[in-house]
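Peer 1: Please see the structure below; I have some questions.
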Amino acid sequence: MPEGTASLVALPRRAGIGLRHPHVPAFLEGERPDVAWVEVHSETYLVAGGPRLAALEAIRRDHALSCHGVGLSLGSAHGLDATHLANLRRLYDRLQPEQISDHLAWTGTDGAYLNDLLPLPLTAHTLDVVAANVAHAQDVLGRRLLVENPSLYMPLTLPPGVEAMPEPQFLAELAARTGCGLLLDVNNVAVCAHNLGFDAARYLADFPLAAVGEIHVAGHRREAFAPWVGPDARAGGVVLIDDHASRVSDGVWDLLAGVLARTGPLPVLVEWDMDLPPLDVLLGEAARAQSLLDAVHQFPHRGQVAHA
């Protein structure tokens, strides 16, 4: 790994928000929002120049920055797209973000991009594939990458004789093997726990929190089961959709508080991507996250997880 990547936590250990286009003018004009850091989707800024990139560069001068990718396709059995990696490297060299991340997912194959974050079977073979891709990405990008846990809607069926790893174990081994960090999306944990029928608190008890460099929270929506999901009394006939289009639920806030009680303060991002509210609403959600961070800063848990 290159110099300057020894710490997993490069952002302020405070609340940040996802920066979306309708809110950009507020960061450039008048009394600017009081927020410690912002995060953008990397692929939105893969341009040579122009007003969009210029605005982000201006905001970046006053705010710490995280770049969150959605297109690396870390689960691709064909390896990573060299052109996409080169474009990301140019962007990151230009912006010098404190942190970069992408997803435990695949997004395309054989040159076709599917515009979605698709699930992976968490097998030993998949771990080999993802670890090779993460190591390659970090070498090309010259930075440590954080890998985010996915949101899932139904279990994957594996061939007879093929065993899946528990997701926390898979992510722990990925981090140990590659030196990458993890981005813990607490909303994704809540969504998966409901949809797949496991206990979110148990999952988080097993999660490798010492590898976490950033946390996400977001909203989700409830929908009646689609035909492809099928009935499941355990989930009450409802599927949770990770849509980032509403306030963070009380259940997700509770899970976040439990995580922070174990880790101490970490960078916490409020994501809101669809049906964007007025900026004041988003900042209010960030203020709630900050209140949880302030609480653990003042009263750290004795079992606090040590970070590299």
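We label chains A, B, ... in the order they appear in the structure tokens, count residues from 1 in each chain, and number ligands from 1 in the order shown.
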Can you pull out every residue from range 93-226 of chain A that DSSP, working from the backbone, puts in strand (DSSP E), and format the result as a ChimeraX atom specification?

Peer 2: /A:99-103,106-109,112-118,145-148,181-185,212-218,221-224

Peer 1: Could you please take those selected residues and save C-alpha atoms as a CSV table (one decimal), in the first residue's frame?

Peer 2:
chain,number,residue,atom,x,y,z
A,99,GLN,CA,-11.5,8.4,1.8
A,100,ILE,CA,-12.7,6.2,-1.1
A,101,SER,CA,-15.1,3.3,-1.1
A,102,ASP,CA,-17.2,0.9,-3.2
A,103,HIS,CA,-19.5,-2.0,-2.7
A,106,TRP,CA,-20.9,-7.0,-9.1
A,107,THR,CA,-22.4,-4.5,-11.6
A,108,GLY,CA,-21.7,-6.0,-15.0
A,109,THR,CA,-20.0,-8.6,-17.1
A,112,ALA,CA,-22.1,-4.8,-20.2
A,113,TYR,CA,-22.9,-2.4,-17.2
A,114,LEU,CA,-26.2,-3.3,-15.5
A,115,ASN,CA,-26.6,-0.2,-13.4
A,116,ASP,CA,-27.3,-2.1,-10.2
A,117,LEU,CA,-25.4,-3.5,-7.2
A,118,LEU,CA,-26.0,-7.2,-7.6
A,145,LEU,CA,-10.4,1.2,-0.4
A,146,LEU,CA,-13.3,0.8,2.0
A,147,VAL,CA,-15.7,-2.0,1.0
A,148,GLU,CA,-19.4,-1.7,1.9
A,181,GLY,CA,-11.1,-1.1,5.2
A,182,LEU,CA,-14.8,-1.6,5.6
A,183,LEU,CA,-17.7,0.8,5.2
A,184,LEU,CA,-20.5,-0.4,7.6
A,185,ASP,CA,-23.9,0.5,6.2
A,212,VAL,CA,-14.5,0.1,9.9
A,213,GLY,CA,-13.4,3.5,8.5
A,214,GLU,CA,-16.9,4.9,7.8
A,215,ILE,CA,-20.5,4.3,8.7
A,216,HIS,CA,-23.6,5.0,6.6
A,217,VAL,CA,-27.2,5.4,7.7
A,218,ALA,CA,-30.2,6.0,5.4
A,221,ARG,CA,-39.3,1.9,2.6
A,222,ARG,CA,-41.7,-1.0,3.3
A,223,GLU,CA,-43.5,-2.8,0.5
A,224,ALA,CA,-45.7,-5.9,0.2

Peer 1: So that I can see what lies close to range 150-164 of chain A, please list as number ranges by chain the residues with an atom at most 12 Å from it, counting only C-alpha atoms and leaving out residues fewer than 6 positions away in the same chain.

Peer 2: A: 70, 75, 102-106, 116-127, 170-171, 182-198, 216, 218, 220, 222-223, 225-232, 235, 238-244

Peer 1: Neighbours of range 37-45 of chain A within 8 Å (only C-alpha atoms; same-chain residues fewer than 4 positions away dropped), as JSON, numbers by chain?

Peer 2: {"A": [11, 12, 14, 15, 16, 17, 18, 19, 20, 52, 53, 63, 64, 65, 66, 67, 68, 69, 70, 71, 88, 91, 269]}

Peer 1: Ranking A:Leu56, A:Ala257, A:Leu28, A:Ala205 by minimum distance to Ser291 in chain A and counting only C-alpha atoms, which one comes first?

Peer 2: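 For Ser291 in chain A, the nearest of the candidates is A:Ala257.
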
Peer 1: So, counting only C-alpha atoms, which residue among A:His136, A:Arg60, A:His297, A:His21 is closest to Leu260 in chain A?

Peer 2: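 Nearest to Leu260 in chain A: A:His297.
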
Peer 1: Name the closest residue to Gly179 in chain A among the candidates A:Leu279, A:Leu8, A:Met274, A:Leu80; distances are taken between atoms, counting only C-alpha atoms.

Peer 2: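 Looking only at the distances to Gly179 in chain A, the closest residue turns out to be A:Leu8.
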
Peer 1: Kindly indicate which residue among A:Val296, A:Ala289, A:Leu85, A:Leu282 lies nearest to Pro265 in chain A, using only C-alpha atoms for the distances.

Peer 2: A:Val296

Peer 1: So how far away is CA of Val268 in chain A from CA of Ile59 in chain A, in Å?

Peer 2: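 These two atoms are separated by 19.0 Å.
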